[in-house]
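For reference, target.txt (compact mmCIF, N, CA and C atoms):
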# COMPACT_ATOMS: atom_id res chain seq x y z
N MET A 1 3.63 -5.94 15.04
CA MET A 1 2.91 -6.46 13.90
C MET A 1 3.72 -7.60 13.32
N ALA A 2 3.23 -8.77 13.43
CA ALA A 2 3.99 -9.94 12.99
C ALA A 2 3.32 -10.61 11.82
N GLY A 3 4.12 -11.36 11.09
CA GLY A 3 3.57 -12.20 10.04
C GLY A 3 2.97 -11.46 8.87
N GLY A 4 3.42 -10.24 8.59
CA GLY A 4 2.87 -9.50 7.47
C GLY A 4 1.39 -9.21 7.65
N SER A 5 0.98 -8.95 8.88
CA SER A 5 -0.44 -8.82 9.17
C SER A 5 -0.92 -7.38 9.20
N TYR A 6 -0.31 -6.53 8.38
CA TYR A 6 -0.74 -5.14 8.36
C TYR A 6 -0.66 -4.58 6.94
N VAL A 7 -1.33 -3.46 6.76
CA VAL A 7 -1.38 -2.74 5.49
C VAL A 7 -0.46 -1.52 5.61
N LEU A 8 0.37 -1.29 4.60
CA LEU A 8 1.08 -0.02 4.48
C LEU A 8 0.27 0.83 3.52
N LEU A 9 -0.40 1.85 4.04
CA LEU A 9 -1.19 2.77 3.24
C LEU A 9 -0.30 3.94 2.86
N VAL A 10 -0.07 4.12 1.57
CA VAL A 10 0.74 5.23 1.08
C VAL A 10 -0.20 6.16 0.34
N GLU A 11 -0.58 7.24 1.02
CA GLU A 11 -1.65 8.12 0.53
C GLU A 11 -1.23 9.57 0.62
N GLY A 12 -1.28 10.27 -0.51
CA GLY A 12 -0.88 11.66 -0.56
C GLY A 12 -1.99 12.66 -0.30
N ASP A 13 -3.24 12.23 -0.30
CA ASP A 13 -4.38 13.12 -0.09
C ASP A 13 -4.88 12.96 1.34
N PRO A 14 -4.81 14.01 2.16
CA PRO A 14 -5.23 13.89 3.56
C PRO A 14 -6.69 13.44 3.73
N ASP A 15 -7.58 13.89 2.85
CA ASP A 15 -8.98 13.46 2.93
C ASP A 15 -9.12 11.98 2.64
N HIS A 16 -8.42 11.50 1.62
CA HIS A 16 -8.47 10.07 1.29
C HIS A 16 -7.85 9.24 2.41
N GLU A 17 -6.77 9.75 2.99
CA GLU A 17 -6.15 9.05 4.12
C GLU A 17 -7.15 8.91 5.27
N ALA A 18 -7.81 10.01 5.62
CA ALA A 18 -8.77 9.99 6.73
C ALA A 18 -9.91 9.01 6.45
N ARG A 19 -10.42 9.01 5.22
CA ARG A 19 -11.50 8.07 4.87
C ARG A 19 -11.03 6.63 4.92
N ALA A 20 -9.85 6.38 4.40
CA ALA A 20 -9.32 5.00 4.40
C ALA A 20 -9.11 4.51 5.83
N LEU A 21 -8.53 5.35 6.68
CA LEU A 21 -8.29 4.95 8.06
C LEU A 21 -9.59 4.74 8.82
N ALA A 22 -10.59 5.59 8.58
CA ALA A 22 -11.90 5.41 9.22
C ALA A 22 -12.50 4.08 8.81
N SER A 23 -12.36 3.74 7.54
CA SER A 23 -12.89 2.46 7.05
C SER A 23 -12.15 1.28 7.68
N LEU A 24 -10.83 1.36 7.73
CA LEU A 24 -10.05 0.27 8.33
C LEU A 24 -10.43 0.07 9.80
N ARG A 25 -10.58 1.18 10.52
CA ARG A 25 -10.98 1.07 11.93
C ARG A 25 -12.39 0.50 12.07
N ALA A 26 -13.32 0.99 11.27
CA ALA A 26 -14.71 0.54 11.35
C ALA A 26 -14.88 -0.92 10.98
N ASN A 27 -13.93 -1.46 10.22
CA ASN A 27 -14.04 -2.84 9.76
C ASN A 27 -13.10 -3.79 10.49
N GLY A 28 -12.64 -3.38 11.66
CA GLY A 28 -11.85 -4.27 12.51
C GLY A 28 -10.37 -4.33 12.22
N PHE A 29 -9.85 -3.40 11.43
CA PHE A 29 -8.42 -3.39 11.12
C PHE A 29 -7.73 -2.23 11.84
N GLY A 30 -8.26 -1.84 12.98
CA GLY A 30 -7.83 -0.64 13.70
C GLY A 30 -6.36 -0.51 13.99
N SER A 31 -5.68 -1.59 14.29
CA SER A 31 -4.25 -1.51 14.61
C SER A 31 -3.40 -2.20 13.55
N ARG A 32 -3.99 -2.44 12.39
CA ARG A 32 -3.30 -3.23 11.37
C ARG A 32 -2.92 -2.40 10.16
N PHE A 33 -2.49 -1.17 10.39
CA PHE A 33 -2.05 -0.34 9.28
C PHE A 33 -0.95 0.60 9.74
N VAL A 34 -0.16 1.00 8.77
CA VAL A 34 0.88 2.02 8.93
C VAL A 34 0.66 2.98 7.78
N VAL A 35 0.85 4.28 8.02
CA VAL A 35 0.62 5.28 6.98
C VAL A 35 1.93 5.95 6.59
N ALA A 36 2.13 6.09 5.28
CA ALA A 36 3.19 6.94 4.73
C ALA A 36 2.49 7.97 3.86
N ARG A 37 2.91 9.22 3.95
CA ARG A 37 2.19 10.29 3.26
C ARG A 37 2.83 10.74 1.95
N ASP A 38 3.96 10.14 1.61
CA ASP A 38 4.58 10.43 0.32
C ASP A 38 5.51 9.28 -0.03
N GLY A 39 6.06 9.34 -1.23
CA GLY A 39 6.90 8.25 -1.70
C GLY A 39 8.18 8.07 -0.90
N ILE A 40 8.77 9.16 -0.45
CA ILE A 40 10.01 9.06 0.32
C ILE A 40 9.74 8.38 1.66
N GLU A 41 8.64 8.75 2.33
CA GLU A 41 8.27 8.10 3.59
C GLU A 41 8.05 6.61 3.39
N ALA A 42 7.37 6.24 2.32
CA ALA A 42 7.10 4.83 2.05
C ALA A 42 8.39 4.05 1.86
N LEU A 43 9.28 4.58 1.04
CA LEU A 43 10.54 3.88 0.78
C LEU A 43 11.41 3.82 2.03
N ALA A 44 11.40 4.89 2.83
CA ALA A 44 12.17 4.88 4.09
C ALA A 44 11.62 3.83 5.04
N PHE A 45 10.31 3.70 5.11
CA PHE A 45 9.71 2.71 5.99
C PHE A 45 10.11 1.30 5.57
N LEU A 46 10.14 1.04 4.28
CA LEU A 46 10.45 -0.30 3.78
C LEU A 46 11.95 -0.61 3.78
N SER A 47 12.77 0.42 3.88
CA SER A 47 14.21 0.24 3.80
C SER A 47 14.80 -0.21 5.13
N THR A 48 15.82 -1.04 5.04
CA THR A 48 16.58 -1.43 6.24
C THR A 48 17.91 -0.69 6.28
N GLU A 49 18.16 0.17 5.29
CA GLU A 49 19.47 0.79 5.16
C GLU A 49 19.52 2.25 5.58
N ASN A 50 18.51 2.73 6.29
CA ASN A 50 18.57 4.11 6.76
C ASN A 50 17.93 4.22 8.13
N ASP A 51 18.05 5.39 8.70
CA ASP A 51 17.54 5.61 10.05
C ASP A 51 16.32 6.52 10.07
N HIS A 52 15.65 6.68 8.93
CA HIS A 52 14.47 7.53 8.90
C HIS A 52 13.34 6.93 9.71
N PRO A 53 12.58 7.76 10.43
CA PRO A 53 11.39 7.25 11.12
C PRO A 53 10.35 6.86 10.08
N PRO A 54 9.37 6.08 10.37
CA PRO A 54 9.10 5.47 11.66
C PRO A 54 10.00 4.26 11.89
N PRO A 55 10.02 3.73 13.12
CA PRO A 55 10.82 2.53 13.38
C PRO A 55 10.43 1.40 12.43
N LYS A 56 11.39 0.61 12.06
CA LYS A 56 11.16 -0.48 11.11
C LYS A 56 10.40 -1.63 11.76
N PRO A 57 9.46 -2.22 11.04
CA PRO A 57 8.76 -3.40 11.56
C PRO A 57 9.65 -4.63 11.43
N THR A 58 9.25 -5.71 12.07
CA THR A 58 10.02 -6.95 11.93
C THR A 58 9.61 -7.71 10.68
N THR A 59 8.50 -7.37 10.08
CA THR A 59 8.05 -8.01 8.84
C THR A 59 7.60 -6.95 7.85
N LEU A 60 7.58 -7.34 6.61
CA LEU A 60 7.03 -6.46 5.58
C LEU A 60 5.51 -6.49 5.68
N PRO A 61 4.84 -5.47 5.12
CA PRO A 61 3.38 -5.48 5.16
C PRO A 61 2.80 -6.60 4.31
N ALA A 62 1.58 -7.01 4.64
CA ALA A 62 0.87 -7.98 3.81
C ALA A 62 0.59 -7.39 2.45
N VAL A 63 0.39 -6.07 2.40
CA VAL A 63 0.12 -5.38 1.15
C VAL A 63 0.46 -3.90 1.32
N VAL A 64 0.90 -3.30 0.22
CA VAL A 64 1.08 -1.86 0.14
C VAL A 64 -0.07 -1.33 -0.70
N VAL A 65 -0.87 -0.44 -0.13
CA VAL A 65 -1.94 0.22 -0.88
C VAL A 65 -1.37 1.58 -1.27
N LEU A 66 -1.14 1.76 -2.57
CA LEU A 66 -0.29 2.84 -3.06
C LEU A 66 -1.05 3.80 -3.97
N ASP A 67 -1.11 5.05 -3.55
CA ASP A 67 -1.68 6.14 -4.35
C ASP A 67 -0.63 6.55 -5.38
N PRO A 68 -0.95 6.55 -6.67
CA PRO A 68 0.05 6.96 -7.65
C PRO A 68 0.38 8.46 -7.59
N ASP A 69 -0.54 9.28 -7.08
CA ASP A 69 -0.37 10.73 -7.05
C ASP A 69 0.21 11.18 -5.71
N LEU A 70 1.50 10.93 -5.53
CA LEU A 70 2.16 11.25 -4.27
C LEU A 70 3.09 12.44 -4.43
N PRO A 71 3.28 13.21 -3.34
CA PRO A 71 4.31 14.24 -3.39
C PRO A 71 5.71 13.64 -3.32
N ARG A 72 6.66 14.39 -3.77
CA ARG A 72 8.11 14.09 -3.73
C ARG A 72 8.52 12.96 -4.66
N ILE A 73 8.01 11.76 -4.50
CA ILE A 73 8.26 10.65 -5.44
C ILE A 73 6.90 10.04 -5.73
N ASP A 74 6.53 9.97 -7.01
CA ASP A 74 5.19 9.46 -7.33
C ASP A 74 5.09 7.95 -7.10
N GLY A 75 3.85 7.48 -7.07
CA GLY A 75 3.58 6.08 -6.75
C GLY A 75 4.18 5.09 -7.73
N LEU A 76 4.23 5.45 -9.02
CA LEU A 76 4.83 4.52 -9.99
C LEU A 76 6.32 4.36 -9.75
N GLU A 77 6.99 5.44 -9.34
CA GLU A 77 8.42 5.32 -9.02
C GLU A 77 8.61 4.51 -7.74
N VAL A 78 7.72 4.68 -6.77
CA VAL A 78 7.78 3.86 -5.55
C VAL A 78 7.63 2.39 -5.93
N LEU A 79 6.66 2.09 -6.78
CA LEU A 79 6.45 0.72 -7.24
C LEU A 79 7.69 0.19 -7.95
N ARG A 80 8.26 0.97 -8.82
CA ARG A 80 9.48 0.58 -9.55
C ARG A 80 10.60 0.21 -8.56
N ARG A 81 10.77 1.02 -7.53
CA ARG A 81 11.84 0.77 -6.55
C ARG A 81 11.52 -0.44 -5.67
N ILE A 82 10.26 -0.63 -5.33
CA ILE A 82 9.87 -1.82 -4.56
C ILE A 82 10.22 -3.07 -5.34
N ARG A 83 9.91 -3.09 -6.61
CA ARG A 83 10.17 -4.27 -7.44
C ARG A 83 11.65 -4.47 -7.71
N ALA A 84 12.44 -3.41 -7.63
CA ALA A 84 13.89 -3.51 -7.89
C ALA A 84 14.66 -4.12 -6.73
N GLU A 85 14.09 -4.10 -5.53
CA GLU A 85 14.75 -4.65 -4.34
C GLU A 85 14.35 -6.10 -4.15
N LEU A 86 15.31 -6.98 -4.03
CA LEU A 86 15.02 -8.40 -3.86
C LEU A 86 14.08 -8.65 -2.68
N ARG A 87 14.34 -7.98 -1.56
CA ARG A 87 13.57 -8.21 -0.34
C ARG A 87 12.10 -7.84 -0.49
N THR A 88 11.80 -6.84 -1.31
CA THR A 88 10.41 -6.37 -1.46
C THR A 88 9.82 -6.72 -2.82
N SER A 89 10.56 -7.39 -3.66
CA SER A 89 10.14 -7.60 -5.04
C SER A 89 8.84 -8.40 -5.19
N LEU A 90 8.55 -9.28 -4.25
CA LEU A 90 7.32 -10.08 -4.33
C LEU A 90 6.20 -9.55 -3.43
N MET A 91 6.46 -8.49 -2.70
CA MET A 91 5.47 -7.92 -1.79
C MET A 91 4.27 -7.39 -2.59
N PRO A 92 3.04 -7.76 -2.22
CA PRO A 92 1.87 -7.30 -2.96
C PRO A 92 1.71 -5.78 -2.90
N VAL A 93 1.41 -5.20 -4.06
CA VAL A 93 1.16 -3.77 -4.16
C VAL A 93 -0.15 -3.56 -4.92
N VAL A 94 -1.06 -2.83 -4.29
CA VAL A 94 -2.34 -2.47 -4.90
C VAL A 94 -2.30 -0.97 -5.19
N MET A 95 -2.46 -0.61 -6.44
CA MET A 95 -2.58 0.80 -6.79
C MET A 95 -4.02 1.21 -6.50
N PHE A 96 -4.19 2.28 -5.72
CA PHE A 96 -5.51 2.79 -5.35
C PHE A 96 -5.56 4.21 -5.88
N ALA A 97 -6.19 4.38 -7.05
CA ALA A 97 -5.98 5.58 -7.85
C ALA A 97 -7.26 6.30 -8.24
N ARG A 98 -7.13 7.61 -8.38
CA ARG A 98 -8.24 8.41 -8.92
C ARG A 98 -8.38 8.16 -10.42
N SER A 99 -7.27 8.09 -11.10
CA SER A 99 -7.28 7.91 -12.55
C SER A 99 -7.26 6.43 -12.92
N CYS A 100 -8.08 6.10 -13.87
CA CYS A 100 -8.11 4.71 -14.35
C CYS A 100 -8.04 4.68 -15.87
N THR A 101 -7.20 5.53 -16.45
CA THR A 101 -7.06 5.48 -17.90
C THR A 101 -6.37 4.17 -18.26
N ALA A 102 -6.61 3.71 -19.45
CA ALA A 102 -5.98 2.46 -19.90
C ALA A 102 -4.46 2.55 -19.79
N GLU A 103 -3.91 3.70 -20.10
CA GLU A 103 -2.46 3.89 -20.04
C GLU A 103 -1.95 3.78 -18.59
N ASP A 104 -2.65 4.41 -17.65
CA ASP A 104 -2.24 4.35 -16.23
C ASP A 104 -2.28 2.92 -15.72
N VAL A 105 -3.35 2.22 -16.02
CA VAL A 105 -3.51 0.84 -15.55
C VAL A 105 -2.43 -0.05 -16.16
N ARG A 106 -2.23 0.07 -17.46
CA ARG A 106 -1.23 -0.74 -18.15
C ARG A 106 0.17 -0.50 -17.58
N GLU A 107 0.52 0.76 -17.34
CA GLU A 107 1.84 1.08 -16.81
C GLU A 107 2.03 0.52 -15.40
N ALA A 108 1.01 0.60 -14.58
CA ALA A 108 1.11 0.05 -13.22
C ALA A 108 1.33 -1.46 -13.26
N TYR A 109 0.58 -2.15 -14.10
CA TYR A 109 0.77 -3.60 -14.20
C TYR A 109 2.12 -3.94 -14.82
N ARG A 110 2.57 -3.15 -15.78
CA ARG A 110 3.87 -3.39 -16.40
C ARG A 110 4.99 -3.28 -15.36
N LEU A 111 4.81 -2.37 -14.41
CA LEU A 111 5.82 -2.18 -13.36
C LEU A 111 5.69 -3.18 -12.22
N GLY A 112 4.64 -4.00 -12.24
CA GLY A 112 4.52 -5.05 -11.24
C GLY A 112 3.42 -4.92 -10.22
N ALA A 113 2.45 -4.03 -10.44
CA ALA A 113 1.32 -3.94 -9.51
C ALA A 113 0.57 -5.26 -9.51
N ASN A 114 0.07 -5.65 -8.35
CA ASN A 114 -0.73 -6.87 -8.24
C ASN A 114 -2.20 -6.61 -8.49
N SER A 115 -2.61 -5.36 -8.34
CA SER A 115 -4.01 -4.99 -8.52
C SER A 115 -4.08 -3.49 -8.77
N TYR A 116 -5.15 -3.06 -9.44
CA TYR A 116 -5.37 -1.64 -9.69
C TYR A 116 -6.83 -1.37 -9.39
N VAL A 117 -7.09 -0.54 -8.38
CA VAL A 117 -8.45 -0.26 -7.93
C VAL A 117 -8.70 1.24 -8.07
N ARG A 118 -9.81 1.58 -8.71
CA ARG A 118 -10.19 2.99 -8.84
C ARG A 118 -10.78 3.46 -7.52
N LYS A 119 -10.34 4.63 -7.06
CA LYS A 119 -10.92 5.23 -5.85
C LYS A 119 -12.32 5.73 -6.19
N PRO A 120 -13.34 5.17 -5.56
CA PRO A 120 -14.69 5.67 -5.82
C PRO A 120 -14.84 7.12 -5.34
N LEU A 121 -15.66 7.89 -6.03
CA LEU A 121 -15.90 9.27 -5.64
C LEU A 121 -16.83 9.35 -4.43
N ASN A 122 -17.78 8.44 -4.36
CA ASN A 122 -18.74 8.37 -3.26
C ASN A 122 -18.02 7.91 -1.99
N ALA A 123 -18.21 8.63 -0.88
CA ALA A 123 -17.51 8.32 0.37
C ALA A 123 -17.81 6.91 0.86
N GLN A 124 -19.05 6.49 0.79
CA GLN A 124 -19.42 5.16 1.26
C GLN A 124 -18.76 4.07 0.40
N GLU A 125 -18.74 4.26 -0.89
CA GLU A 125 -18.10 3.29 -1.79
C GLU A 125 -16.58 3.29 -1.61
N PHE A 126 -16.01 4.46 -1.33
CA PHE A 126 -14.58 4.56 -1.06
C PHE A 126 -14.23 3.72 0.17
N GLU A 127 -15.00 3.88 1.24
CA GLU A 127 -14.75 3.12 2.46
C GLU A 127 -14.96 1.63 2.24
N ARG A 128 -15.95 1.27 1.46
CA ARG A 128 -16.20 -0.14 1.14
C ARG A 128 -15.01 -0.73 0.37
N ALA A 129 -14.51 0.01 -0.62
CA ALA A 129 -13.37 -0.46 -1.41
C ALA A 129 -12.14 -0.66 -0.53
N THR A 130 -11.89 0.29 0.36
CA THR A 130 -10.75 0.18 1.28
C THR A 130 -10.86 -1.07 2.15
N ALA A 131 -12.05 -1.29 2.70
CA ALA A 131 -12.26 -2.47 3.56
C ALA A 131 -12.10 -3.76 2.78
N LEU A 132 -12.59 -3.81 1.55
CA LEU A 132 -12.46 -5.02 0.73
C LEU A 132 -11.00 -5.32 0.40
N ILE A 133 -10.23 -4.28 0.10
CA ILE A 133 -8.80 -4.48 -0.16
C ILE A 133 -8.14 -5.09 1.06
N ALA A 134 -8.37 -4.50 2.23
CA ALA A 134 -7.75 -5.01 3.47
C ALA A 134 -8.23 -6.42 3.77
N ARG A 135 -9.51 -6.66 3.63
CA ARG A 135 -10.05 -7.99 3.94
C ARG A 135 -9.42 -9.06 3.05
N TYR A 136 -9.29 -8.78 1.76
CA TYR A 136 -8.70 -9.75 0.84
C TYR A 136 -7.23 -10.01 1.19
N TRP A 137 -6.42 -8.94 1.26
CA TRP A 137 -4.98 -9.12 1.42
C TRP A 137 -4.58 -9.57 2.82
N LEU A 138 -5.37 -9.20 3.84
CA LEU A 138 -5.05 -9.63 5.21
C LEU A 138 -5.72 -10.94 5.59
N GLY A 139 -6.85 -11.25 4.96
CA GLY A 139 -7.61 -12.42 5.38
C GLY A 139 -7.62 -13.59 4.43
N LEU A 140 -7.48 -13.35 3.14
CA LEU A 140 -7.61 -14.43 2.16
C LEU A 140 -6.32 -14.79 1.44
N ASN A 141 -5.54 -13.79 1.10
CA ASN A 141 -4.34 -14.03 0.31
C ASN A 141 -3.30 -14.82 1.10
N GLU A 142 -2.62 -15.73 0.42
CA GLU A 142 -1.51 -16.51 1.00
C GLU A 142 -0.21 -16.12 0.30
N PRO A 143 0.60 -15.26 0.95
CA PRO A 143 1.86 -14.87 0.32
C PRO A 143 2.93 -15.94 0.53
N PRO A 144 3.95 -15.97 -0.33
CA PRO A 144 5.09 -16.84 -0.05
C PRO A 144 5.76 -16.36 1.23
N ASP A 145 6.28 -17.28 2.02
CA ASP A 145 6.88 -16.93 3.31
C ASP A 145 7.96 -15.87 3.19
N ASP A 146 8.76 -15.93 2.13
CA ASP A 146 9.88 -15.00 2.04
C ASP A 146 9.48 -13.57 1.71
N THR A 147 8.20 -13.29 1.45
CA THR A 147 7.80 -11.92 1.17
C THR A 147 7.47 -11.15 2.43
N ILE A 148 7.41 -11.80 3.58
CA ILE A 148 6.99 -11.09 4.78
C ILE A 148 8.09 -11.00 5.83
N ARG A 149 9.25 -11.50 5.55
CA ARG A 149 10.34 -11.43 6.53
C ARG A 149 11.49 -10.59 5.99
N PHE A 150 12.20 -9.96 6.91
CA PHE A 150 13.41 -9.22 6.53
C PHE A 150 14.54 -10.20 6.37
Target format structure tokens, applied to this file:
Amino acid sequence: MAGGSYVLLVEGDPDHEARALASLRANGFGSRFVVARDGIEALAFLSTENDHPPPKPTTLPAVVVLDPDLPRIDGLEVLRRIRAELRTSLMPVVMFARSCTAEDVREAYRLGANSYVRKPLNAQEFERATALIARYWLGLNEPPDDTIRF
């Protein structure tokens, strides 16, 4: 995966993960995603300083789609740590959340989220939202060059 041409999906709910992956595959993004199932997995994937699987990519993802409700380390803490590292500080992060309270949204943006999207309850709308996120960040957005290289 070169040039930041993939999505890092960080999803703690197996049903939401399955729906998101089905949507990505159905919309032509079949090989353009990596999944982390909790905050520790996500941070290990993005880190160059440890030997945790999976193998490290040569570029950072075009976008991290981050569920705030993660096991072990929650999504807001993952976001905080992403922004604290120079190498990942400008990497786009989209919060994809069940909760959309004003406080949750404000805190995510305060910590540096680039976008906050409510997870639709309807399966078809959920899949549509996932595809739109991928289409925008993989097809339309122009990141600075230094956000996609190690």
Any idea what's packed within 7 Å of region 89-92 of chain A, counting all atoms listed in the file, ignoring anything in its chain fewer than 4 positions away? Could you give it as a ChimeraX atom specification?
/A:61-65,82-85,113-115,147-148
I'd like the interatomic distance between atom C of Leu9 (chain A) and atom N of Phe33 (chain A), to a tenth of an Å.
9.4 Å
What are the DSSP alpha helix (DSSP H) residues of region 9-140 of chain A, as a PyMOL selection string?
chain A and resi 14-26+39-46+75-84+102-110+123-135
Selection from above, N, CA and C atoms, as a compact mmCIF listing (two decimals), in the frame of the given file, can you write it?
# COMPACT_ATOMS: atom_id res chain seq x y z
N PRO A 14 -4.81 14.01 2.16
CA PRO A 14 -5.23 13.89 3.56
C PRO A 14 -6.69 13.44 3.73
N ASP A 15 -7.58 13.89 2.85
CA ASP A 15 -8.98 13.46 2.93
C ASP A 15 -9.12 11.98 2.64
N HIS A 16 -8.42 11.50 1.62
CA HIS A 16 -8.47 10.07 1.29
C HIS A 16 -7.85 9.24 2.41
N GLU A 17 -6.77 9.75 2.99
CA GLU A 17 -6.15 9.05 4.12
C GLU A 17 -7.15 8.91 5.27
N ALA A 18 -7.81 10.01 5.62
CA ALA A 18 -8.77 9.99 6.73
C ALA A 18 -9.91 9.01 6.45
N ARG A 19 -10.42 9.01 5.22
CA ARG A 19 -11.50 8.07 4.87
C ARG A 19 -11.03 6.63 4.92
N ALA A 20 -9.85 6.38 4.40
CA ALA A 20 -9.32 5.00 4.40
C ALA A 20 -9.11 4.51 5.83
N LEU A 21 -8.53 5.35 6.68
CA LEU A 21 -8.29 4.95 8.06
C LEU A 21 -9.59 4.74 8.82
N ALA A 22 -10.59 5.59 8.58
CA ALA A 22 -11.90 5.41 9.22
C ALA A 22 -12.50 4.08 8.81
N SER A 23 -12.36 3.74 7.54
CA SER A 23 -12.89 2.46 7.05
C SER A 23 -12.15 1.28 7.68
N LEU A 24 -10.83 1.36 7.73
CA LEU A 24 -10.05 0.27 8.33
C LEU A 24 -10.43 0.07 9.80
N ARG A 25 -10.58 1.18 10.52
CA ARG A 25 -10.98 1.07 11.93
C ARG A 25 -12.39 0.50 12.07
N ALA A 26 -13.32 0.99 11.27
CA ALA A 26 -14.71 0.54 11.35
C ALA A 26 -14.88 -0.92 10.98
N GLY A 39 6.06 9.34 -1.23
CA GLY A 39 6.90 8.25 -1.70
C GLY A 39 8.18 8.07 -0.90
N ILE A 40 8.77 9.16 -0.45
CA ILE A 40 10.01 9.06 0.32
C ILE A 40 9.74 8.38 1.66
N GLU A 41 8.64 8.75 2.33
CA GLU A 41 8.27 8.10 3.59
C GLU A 41 8.05 6.61 3.39
N ALA A 42 7.37 6.24 2.32
CA ALA A 42 7.10 4.83 2.05
C ALA A 42 8.39 4.05 1.86
N LEU A 43 9.28 4.58 1.04
CA LEU A 43 10.54 3.88 0.78
C LEU A 43 11.41 3.82 2.03
N ALA A 44 11.40 4.89 2.83
CA ALA A 44 12.17 4.88 4.09
C ALA A 44 11.62 3.83 5.04
N PHE A 45 10.31 3.70 5.11
CA PHE A 45 9.71 2.71 5.99
C PHE A 45 10.11 1.30 5.57
N LEU A 46 10.14 1.04 4.28
CA LEU A 46 10.45 -0.30 3.78
C LEU A 46 11.95 -0.61 3.78
N GLY A 75 3.85 7.48 -7.07
CA GLY A 75 3.58 6.08 -6.75
C GLY A 75 4.18 5.09 -7.73
N LEU A 76 4.23 5.45 -9.02
CA LEU A 76 4.83 4.52 -9.99
C LEU A 76 6.32 4.36 -9.75
N GLU A 77 6.99 5.44 -9.34
CA GLU A 77 8.42 5.32 -9.02
C GLU A 77 8.61 4.51 -7.74
N VAL A 78 7.72 4.68 -6.77
CA VAL A 78 7.78 3.86 -5.55
C VAL A 78 7.63 2.39 -5.93
N LEU A 79 6.66 2.09 -6.78
CA LEU A 79 6.45 0.72 -7.24
C LEU A 79 7.69 0.19 -7.95
N ARG A 80 8.26 0.97 -8.82
CA ARG A 80 9.48 0.58 -9.55
C ARG A 80 10.60 0.21 -8.56
N ARG A 81 10.77 1.02 -7.53
CA ARG A 81 11.84 0.77 -6.55
C ARG A 81 11.52 -0.44 -5.67
N ILE A 82 10.26 -0.63 -5.33
CA ILE A 82 9.87 -1.82 -4.56
C ILE A 82 10.22 -3.07 -5.34
N ARG A 83 9.91 -3.09 -6.61
CA ARG A 83 10.17 -4.27 -7.44
C ARG A 83 11.65 -4.47 -7.71
N ALA A 84 12.44 -3.41 -7.63
CA ALA A 84 13.89 -3.51 -7.89
C ALA A 84 14.66 -4.12 -6.73
N ALA A 102 -6.61 3.71 -19.45
CA ALA A 102 -5.98 2.46 -19.90
C ALA A 102 -4.46 2.55 -19.79
N GLU A 103 -3.91 3.70 -20.10
CA GLU A 103 -2.46 3.89 -20.04
C GLU A 103 -1.95 3.78 -18.59
N ASP A 104 -2.65 4.41 -17.65
CA ASP A 104 -2.24 4.35 -16.23
C ASP A 104 -2.28 2.92 -15.72
N VAL A 105 -3.35 2.22 -16.02
CA VAL A 105 -3.51 0.84 -15.55
C VAL A 105 -2.43 -0.05 -16.16
N ARG A 106 -2.23 0.07 -17.46
CA ARG A 106 -1.23 -0.74 -18.15
C ARG A 106 0.17 -0.50 -17.58
N GLU A 107 0.52 0.76 -17.34
CA GLU A 107 1.84 1.08 -16.81
C GLU A 107 2.03 0.52 -15.40
N ALA A 108 1.01 0.60 -14.58
CA ALA A 108 1.11 0.05 -13.22
C ALA A 108 1.33 -1.46 -13.26
N TYR A 109 0.58 -2.15 -14.10
CA TYR A 109 0.77 -3.60 -14.20
C TYR A 109 2.12 -3.94 -14.82
N ARG A 110 2.57 -3.15 -15.78
CA ARG A 110 3.87 -3.39 -16.40
C ARG A 110 4.99 -3.28 -15.36
N ALA A 123 -18.21 8.63 -0.88
CA ALA A 123 -17.51 8.32 0.37
C ALA A 123 -17.81 6.91 0.86
N GLN A 124 -19.05 6.49 0.79
CA GLN A 124 -19.42 5.16 1.26
C GLN A 124 -18.76 4.07 0.40
N GLU A 125 -18.74 4.26 -0.89
CA GLU A 125 -18.10 3.29 -1.79
C GLU A 125 -16.58 3.29 -1.61
N PHE A 126 -16.01 4.46 -1.33
CA PHE A 126 -14.58 4.56 -1.06
C PHE A 126 -14.23 3.72 0.17
N GLU A 127 -15.00 3.88 1.24
CA GLU A 127 -14.75 3.12 2.46
C GLU A 127 -14.96 1.63 2.24
N ARG A 128 -15.95 1.27 1.46
CA ARG A 128 -16.20 -0.14 1.14
C ARG A 128 -15.01 -0.73 0.37
N ALA A 129 -14.51 0.01 -0.62
CA ALA A 129 -13.37 -0.46 -1.41
C ALA A 129 -12.14 -0.66 -0.53
N THR A 130 -11.89 0.29 0.36
CA THR A 130 -10.75 0.18 1.28
C THR A 130 -10.86 -1.07 2.15
N ALA A 131 -12.05 -1.29 2.70
CA ALA A 131 -12.26 -2.47 3.56
C ALA A 131 -12.10 -3.76 2.78
N LEU A 132 -12.59 -3.81 1.55
CA LEU A 132 -12.46 -5.02 0.73
C LEU A 132 -11.00 -5.32 0.40
N ILE A 133 -10.23 -4.28 0.10
CA ILE A 133 -8.80 -4.48 -0.16
C ILE A 133 -8.14 -5.09 1.06
N ALA A 134 -8.37 -4.50 2.23
CA ALA A 134 -7.75 -5.01 3.47
C ALA A 134 -8.23 -6.42 3.77
N ARG A 135 -9.51 -6.66 3.63
CA ARG A 135 -10.05 -7.99 3.94
C ARG A 135 -9.42 -9.06 3.05
Nearest residue to Thr59 (chain A) from the set A:Glu77, A:Pro71, A:Glu107, A:Ser5 (distances using all atoms listed in the file)
A:Ser5
5 Å per side around region 34-39 of chain A: axis-aligned box centre and edge lengths, as AutoDock Vina command-line options:
--center_x 4.0 --center_y 5.9 --center_z 3.6 --size_x 18.3 --size_y 19.7 --size_z 20.6
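We find CA of Leu121 (chain A) and CA of Arg80 (chain A) to be spaced 27.1 Å apart.
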What are the DSSP strand (DSSP E or B) residues of region 9-137 of chain A, as a list in words?
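So the strand (DSSP E or B) residues in region 9-137 of chain A would be Leu9, Val10, Phe33, Val34, Val35, Ala36, Thr59, Val63, Val64, Val65, Leu66, Val93, Val94, Met95, Phe96, Ala97, Ser115, Tyr116, Val117 and Arg118 of chain A.
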Residues of region 53-130 of chain A that have any atom at most 10 Å from an atom of region 14-18 of chain A: could you tabulate them with the shortest-distance atom pair and the distance in Å to one decimal, using only C-alpha atoms, ordered by chain and increasing number, as CSV?
residue,atom,partner,partner_atom,distance
A:Asp67,CA,A:His16,CA,9.7
A:Lys119,CA,A:His16,CA,9.0
A:Ala123,CA,A:His16,CA,9.3
A:Phe126,CA,A:His16,CA,8.6
A:Glu127,CA,A:His16,CA,9.4
